[in-house]
Amino acid sequence: MRKVCEDVLIVGGGLQGCAIALFLARAGKQVTLIEKNLAGRHASGVNAGGLRLLIRDIREYPLSLRAMEMWKSLGDYVGDRAAESCEVKLGTSQIAVAMDSAEMEWAEARARDMNRRGIQSEEIIGPDELHRLLPGLSRSALGGLISRGDGHANPANMARAMRNAAESAGVRILERCGLKSVEPRAQGGWRAMTDNGLIEADEVVNCAGAWGSEIAASLGETMPVKVMALSMMVTARVQHFVDPVVIGIDQPLSFKQSAVGSLVIGGGISGKPCLADGTSFTIMDRMASSAAATIAAFPALAGVPVLRTWTGLEASTPDGVPYIGPSRRHEGLWHVFGFCGHGFQISPAVGEAIAQSIVAGKLDAKLAAFAVDRHEAQRVEDVVQ
């Protein structure tokens with residue numbers, strides 16, 4: 001039986017896995033990454049590509065701020081030509097639109113809270129500036145929150161760029177290679193049986209996305225997630241009219257206009273996930289709610305045809321932020337999954353922080369809020385009470 005020995009085995013070839021692999025290889029580690037499909041096939045390559053600080057959970061801010069610095073110099077990590085293909089647009093802003101008084105009150109309270117925390121990236125804008133920035137927006141919109149430094153990028157090209165950069169750095173990438181089993185060795189380290197044979201490694205990083213919880217469960221760790229099939233759609237091209245990314249507060253609204261004029265529309269709508277088959281499907285009546293929210297905000301778009309829809313599998317945690325950190329049960333095991341549909345922007349910083357933690361043997365402080373056993377601790381507390 002073929003056997004390969006490595007410093008680190010990474011399971012999952014999405015953005016998180018490839019970013020971790022890249023930084024580990026740059027630090028001199030021997031790394032193999034296995035991916036049962038193609039790298040970036042699911043959430044990493046089929047999301048809206050948002051680069052936002054706007055309405056981030058406060059726990060994610062240290063990672064998000066670091067990631068913004070990295071997006072500005074993406075060529076340093078993936079190469080200049082690949083970075084250009086990623087179409088990074090920062091400074092076009094993202095705006096959360098308040099369509100009624102309740103949403104406006106929430107936005108104002110959010111801005112006050114962020115100011116108290118010393119975070120100045122989110123600010124309230126009134127209706128005059130809102131409608132200047134978003135021509136065609138319904139006159140019923142009252143204002144909103146804006147993060148002026150935010151923007152967007154091309155997710156499919158970014159997933160490809162990160163994968164290729166990792167491979168160029170020396171990472172051995174095995175696509176269409178599933179994980180059959182993984183277990184700790186008696187003498188330390190790990191042995192994993194894969195479709196490509198046996199791989200032994202000192203450390204294993206579980207970046208399996210929607211399948212991450214299953215891998216954790218096979219090793220006796222309960223890390224609850226809800227599997228989602230986040231859905232997107234793209235319209236025919238229309239004349240350019242908007243630069244910011246527009247998102248809803250309580251509405252399933254999320255869209256941007258691409259460089260060629262088409263609208264890329266999301267909104268957190270889930271299709272039908274088929275985890276066992278590794279696929280997912282859009283549910284058209286659910287997609288209609290996202291389209292309706294877009295038309296309510298921009299009535300002139302009512303006649304624009306939708307050309308195609310797609311989905312990608314993603315894992316969502318109970319508290320809306322990912323699991324990132326070492327196992328509490330097993331030495332040399334790390335979990336990095338459950339990004340809840342907003343892991344794209346922070347992926348470079350996650351890769352850097354996990355790699356530095358593994359190399360240094362000490363958890364990066366930016367990861368402390370994402371303990372992998374935090375929900376297990378909460379269940380124990382509930383039982384005691």
# chains A, B, ... in the order shown; residues from 1 in each chain; ligands from 1

call {"tool": "select_by_dssp", "arguments": {"residues": "region 218-330 of chain A", "states": "strand (DSSP E or B)", "output": "ChimeraX atom specification"}}
result
/A:226-235,245-248,254-257,263-265,270,272-274,279-281,306-316,323-326

call {"tool": "residues_around", "arguments": {"residues": "Ala292 (chain A)", "least_positions_apart": "3", "cutoff": "10 Å", "atoms": "only C-alpha atoms", "output": "list in words"}}
result
Gln251, Pro252, Leu253, Met287, Ala288, Ser289, Ile295, Ala296, Ala297, Phe298, Pro299 and Ala302 of chain A

call {"tool": "closest_atom_pairs", "arguments": {"of": "region 109-195 of chain A", "to": "region 90-93 of chain A", "cutoff": "8 Å", "atoms": "only C-alpha atoms", "output": "tab-separated table"}}
result
residue	atom	partner	partner_atom	distance
A:Ile146	CA	A:Ser93	CA	6.8
A:Ser147	CA	A:Ser93	CA	5.5
A:Arg148	CA	A:Ser93	CA	4.1
A:Gly149	CA	A:Gly91	CA	4.1
A:Asp150	CA	A:Ser93	CA	4.4
A:Gly151	CA	A:Leu90	CA	4.3
A:His152	CA	A:Leu90	CA	6.6

call {"tool": "closest_residue", "arguments": {"among": "A:Leu142, A:Met232, A:Met99, A:Val372", "to": "Thr282 (chain A)", "atoms": "only C-alpha atoms"}}
result
A:Met232

call {"tool": "residues_around", "arguments": {"residues": "region 47-57 of chain A", "least_positions_apart": "4", "cutoff": "9 Å", "atoms": "only C-alpha atoms", "output": "JSON, numbers by chain"}}
result
{"A": [42, 43, 61, 64, 65, 68, 71, 88, 89, 90, 93, 94, 95, 96, 110, 121, 122, 145, 146, 147, 149, 150, 151, 152, 153, 154, 155, 156, 158, 230, 231, 232, 245, 254, 255, 256, 264, 265, 266, 311, 312, 320, 321, 341, 342, 344, 345, 346]}

call {"tool": "residues_around", "arguments": {"residues": "Ala109 (chain A)", "least_positions_apart": "6", "cutoff": "12 Å", "atoms": "only C-alpha atoms", "output": "list in words"}}
result
Ile55, Ala102, Glu103, Asn115, Arg116, Glu122, Glu123, Ile124, Gly144 and Leu145 of chain A

call {"tool": "closest_atom_pairs", "arguments": {"of": "region 6-89 of chain A", "to": "region 159-170 of chain A", "cutoff": "8 Å", "atoms": "only C-alpha atoms", "output": "JSON lines"}}
result
{"residue": "A:Gly13", "atom": "CA", "partner": "A:Arg163", "partner_atom": "CA", "distance": 7.6}
{"residue": "A:Gly14", "atom": "CA", "partner": "A:Ala159", "partner_atom": "CA", "distance": 6.9}
{"residue": "A:Leu15", "atom": "CA", "partner": "A:Ala159", "partner_atom": "CA", "distance": 5.7}
{"residue": "A:Cys18", "atom": "CA", "partner": "A:Arg163", "partner_atom": "CA", "distance": 5.4}
{"residue": "A:Ala19", "atom": "CA", "partner": "A:Met162", "partner_atom": "CA", "distance": 6.3}
{"residue": "A:Ala21", "atom": "CA", "partner": "A:Ala166", "partner_atom": "CA", "distance": 6.0}
{"residue": "A:Leu22", "atom": "CA", "partner": "A:Ala166", "partner_atom": "CA", "distance": 4.2}
{"residue": "A:Phe23", "atom": "CA", "partner": "A:Ala166", "partner_atom": "CA", "distance": 7.9}
{"residue": "A:Ala25", "atom": "CA", "partner": "A:Ala169", "partner_atom": "CA", "distance": 5.9}
{"residue": "A:Arg26", "atom": "CA", "partner": "A:Ala169", "partner_atom": "CA", "distance": 6.4}
{"residue": "A:Gln30", "atom": "CA", "partner": "A:Gly170", "partner_atom": "CA", "distance": 7.6}
{"residue": "A:Val31", "atom": "CA", "partner": "A:Gly170", "partner_atom": "CA", "distance": 7.7}
{"residue": "A:Ala39", "atom": "CA", "partner": "A:Arg163", "partner_atom": "CA", "distance": 6.9}
{"residue": "A:Gly40", "atom": "CA", "partner": "A:Ala159", "partner_atom": "CA", "distance": 5.3}
{"residue": "A:Ser44", "atom": "CA", "partner": "A:Ala159", "partner_atom": "CA", "distance": 6.3}
{"residue": "A:Gly45", "atom": "CA", "partner": "A:Ala159", "partner_atom": "CA", "distance": 5.7}
{"residue": "A:Tyr77", "atom": "CA", "partner": "A:Ala165", "partner_atom": "CA", "distance": 7.3}
{"residue": "A:Val78", "atom": "CA", "partner": "A:Ala165", "partner_atom": "CA", "distance": 5.1}
{"residue": "A:Gly79", "atom": "CA", "partner": "A:Ala165", "partner_atom": "CA", "distance": 7.5}
{"residue": "A:Ala82", "atom": "CA", "partner": "A:Ala161", "partner_atom": "CA", "distance": 5.6}
{"residue": "A:Ala83", "atom": "CA", "partner": "A:Ala161", "partner_atom": "CA", "distance": 7.3}
{"residue": "A:Cys86", "atom": "CA", "partner": "A:Ala161", "partner_atom": "CA", "distance": 7.7}

call {"tool": "closest_residue", "arguments": {"among": "A:Glu314, A:Glu331, A:Val336, A:His375", "to": "Gly361 (chain A)", "atoms": "only C-alpha atoms"}}
result
A:Glu331

call {"tool": "select_by_dssp", "arguments": {"residues": "region 14-95 of chain A", "states": "helix (DSSP H, G or I)", "output": "ChimeraX atom specification"}}
result
/A:15-26,58-72,75-78,80-85

call {"tool": "write_last_selection", "arguments": {"atoms": "N, CA and C atoms", "output": "short mmCIF file (atom, residue, chain, number, x, y, z; two decimals), in the first residue's frame"}}
result
data_model
loop_
_atom_site.label_atom_id
_atom_site.label_comp_id
_atom_site.auth_asym_id
_atom_site.auth_seq_id
_atom_site.Cartn_x
_atom_site.Cartn_y
_atom_site.Cartn_z
N LEU A 15 -11.12 27.86 -0.24
CA LEU A 15 -10.21 28.97 0.00
C LEU A 15 -9.47 28.84 1.32
N GLN A 16 -10.17 28.40 2.37
CA GLN A 16 -9.51 28.29 3.67
C GLN A 16 -8.38 27.25 3.61
N GLY A 17 -8.69 26.08 3.05
CA GLY A 17 -7.67 25.03 2.97
C GLY A 17 -6.48 25.43 2.13
N CYS A 18 -6.75 26.04 0.97
CA CYS A 18 -5.65 26.43 0.09
C CYS A 18 -4.82 27.56 0.70
N ALA A 19 -5.48 28.50 1.40
CA ALA A 19 -4.73 29.59 2.03
C ALA A 19 -3.85 29.06 3.15
N ILE A 20 -4.38 28.17 3.97
CA ILE A 20 -3.56 27.58 5.03
C ILE A 20 -2.37 26.83 4.42
N ALA A 21 -2.65 26.06 3.38
CA ALA A 21 -1.58 25.30 2.72
C ALA A 21 -0.50 26.23 2.18
N LEU A 22 -0.90 27.33 1.56
CA LEU A 22 0.06 28.27 1.00
C LEU A 22 1.00 28.81 2.08
N PHE A 23 0.43 29.27 3.19
CA PHE A 23 1.26 29.88 4.22
C PHE A 23 2.11 28.84 4.95
N LEU A 24 1.61 27.63 5.10
CA LEU A 24 2.44 26.58 5.69
C LEU A 24 3.62 26.24 4.80
N ALA A 25 3.36 26.12 3.50
CA ALA A 25 4.45 25.80 2.57
C ALA A 25 5.49 26.90 2.56
N ARG A 26 5.04 28.14 2.61
CA ARG A 26 5.98 29.27 2.65
C ARG A 26 6.82 29.25 3.92
N ILE A 58 -18.63 41.17 15.61
CA ILE A 58 -17.48 41.83 16.22
C ILE A 58 -16.31 40.87 16.43
N ARG A 59 -16.61 39.57 16.61
CA ARG A 59 -15.55 38.59 16.81
C ARG A 59 -14.68 38.43 15.56
N GLU A 60 -15.23 38.73 14.40
CA GLU A 60 -14.49 38.57 13.16
C GLU A 60 -13.66 39.79 12.78
N TYR A 61 -13.83 40.89 13.48
CA TYR A 61 -13.18 42.13 13.06
C TYR A 61 -11.66 42.05 13.00
N PRO A 62 -10.96 41.47 13.99
CA PRO A 62 -9.50 41.40 13.86
C PRO A 62 -9.05 40.66 12.61
N LEU A 63 -9.71 39.54 12.29
CA LEU A 63 -9.38 38.82 11.06
C LEU A 63 -9.75 39.64 9.83
N SER A 64 -10.91 40.27 9.86
CA SER A 64 -11.38 41.02 8.70
C SER A 64 -10.49 42.21 8.40
N LEU A 65 -10.04 42.91 9.44
CA LEU A 65 -9.14 44.05 9.24
C LEU A 65 -7.81 43.60 8.64
N ARG A 66 -7.26 42.51 9.16
CA ARG A 66 -6.01 41.97 8.61
C ARG A 66 -6.23 41.54 7.16
N ALA A 67 -7.36 40.90 6.89
CA ALA A 67 -7.63 40.43 5.54
C ALA A 67 -7.72 41.60 4.55
N MET A 68 -8.30 42.71 4.96
CA MET A 68 -8.38 43.86 4.07
C MET A 68 -6.98 44.31 3.65
N GLU A 69 -6.04 44.31 4.58
CA GLU A 69 -4.66 44.67 4.24
C GLU A 69 -4.10 43.69 3.20
N MET A 70 -4.43 42.42 3.35
CA MET A 70 -3.90 41.40 2.45
C MET A 70 -4.54 41.49 1.07
N TRP A 71 -5.84 41.81 1.00
CA TRP A 71 -6.49 41.97 -0.30
C TRP A 71 -5.86 43.12 -1.08
N LYS A 72 -5.43 44.16 -0.38
CA LYS A 72 -4.82 45.31 -1.06
C LYS A 72 -3.49 44.95 -1.71
N GLY A 75 -1.24 40.45 -4.84
CA GLY A 75 -0.17 39.94 -5.69
C GLY A 75 1.00 39.38 -4.91
N ASP A 76 1.21 39.85 -3.68
CA ASP A 76 2.30 39.33 -2.86
C ASP A 76 2.07 37.85 -2.49
N TYR A 77 0.84 37.42 -2.56
CA TYR A 77 0.49 36.06 -2.13
C TYR A 77 0.21 35.12 -3.30
N VAL A 78 -0.44 35.62 -4.35
CA VAL A 78 -0.83 34.74 -5.45
C VAL A 78 -0.14 35.10 -6.76
N ASP A 80 1.17 38.62 -9.32
CA ASP A 80 0.49 39.80 -9.87
C ASP A 80 -0.53 39.46 -10.95
N ARG A 81 -0.18 38.54 -11.83
CA ARG A 81 -1.13 38.21 -12.91
C ARG A 81 -2.39 37.55 -12.35
N ALA A 82 -2.22 36.62 -11.42
CA ALA A 82 -3.38 35.98 -10.81
C ALA A 82 -4.21 36.97 -10.02
N ALA A 83 -3.53 37.89 -9.32
CA ALA A 83 -4.26 38.90 -8.55
C ALA A 83 -5.09 39.78 -9.46
N GLU A 84 -4.56 40.12 -10.61
CA GLU A 84 -5.32 40.93 -11.56
C GLU A 84 -6.59 40.21 -12.01
N SER A 85 -6.49 38.90 -12.19
CA SER A 85 -7.67 38.13 -12.62
C SER A 85 -8.74 38.09 -11.55
#

call {"tool": "atom_distance", "arguments": {"atom1": "CA of Lys366 (chain A)", "atom2": "CA of Val350 (chain A)"}}
result
9.0 Å

call {"tool": "closest_residue", "arguments": {"among": "A:Gln239, A:Ala353, A:Pro273, A:Met193", "to": "Gln257 (chain A)", "atoms": "only C-alpha atoms"}}
result
A:Gln239

call {"tool": "closest_residue", "arguments": {"among": "A:Val225, A:Leu179, A:Ala217, A:Ile34", "to": "Ser316 (chain A)", "atoms": "only C-alpha atoms"}}
result
A:Val225
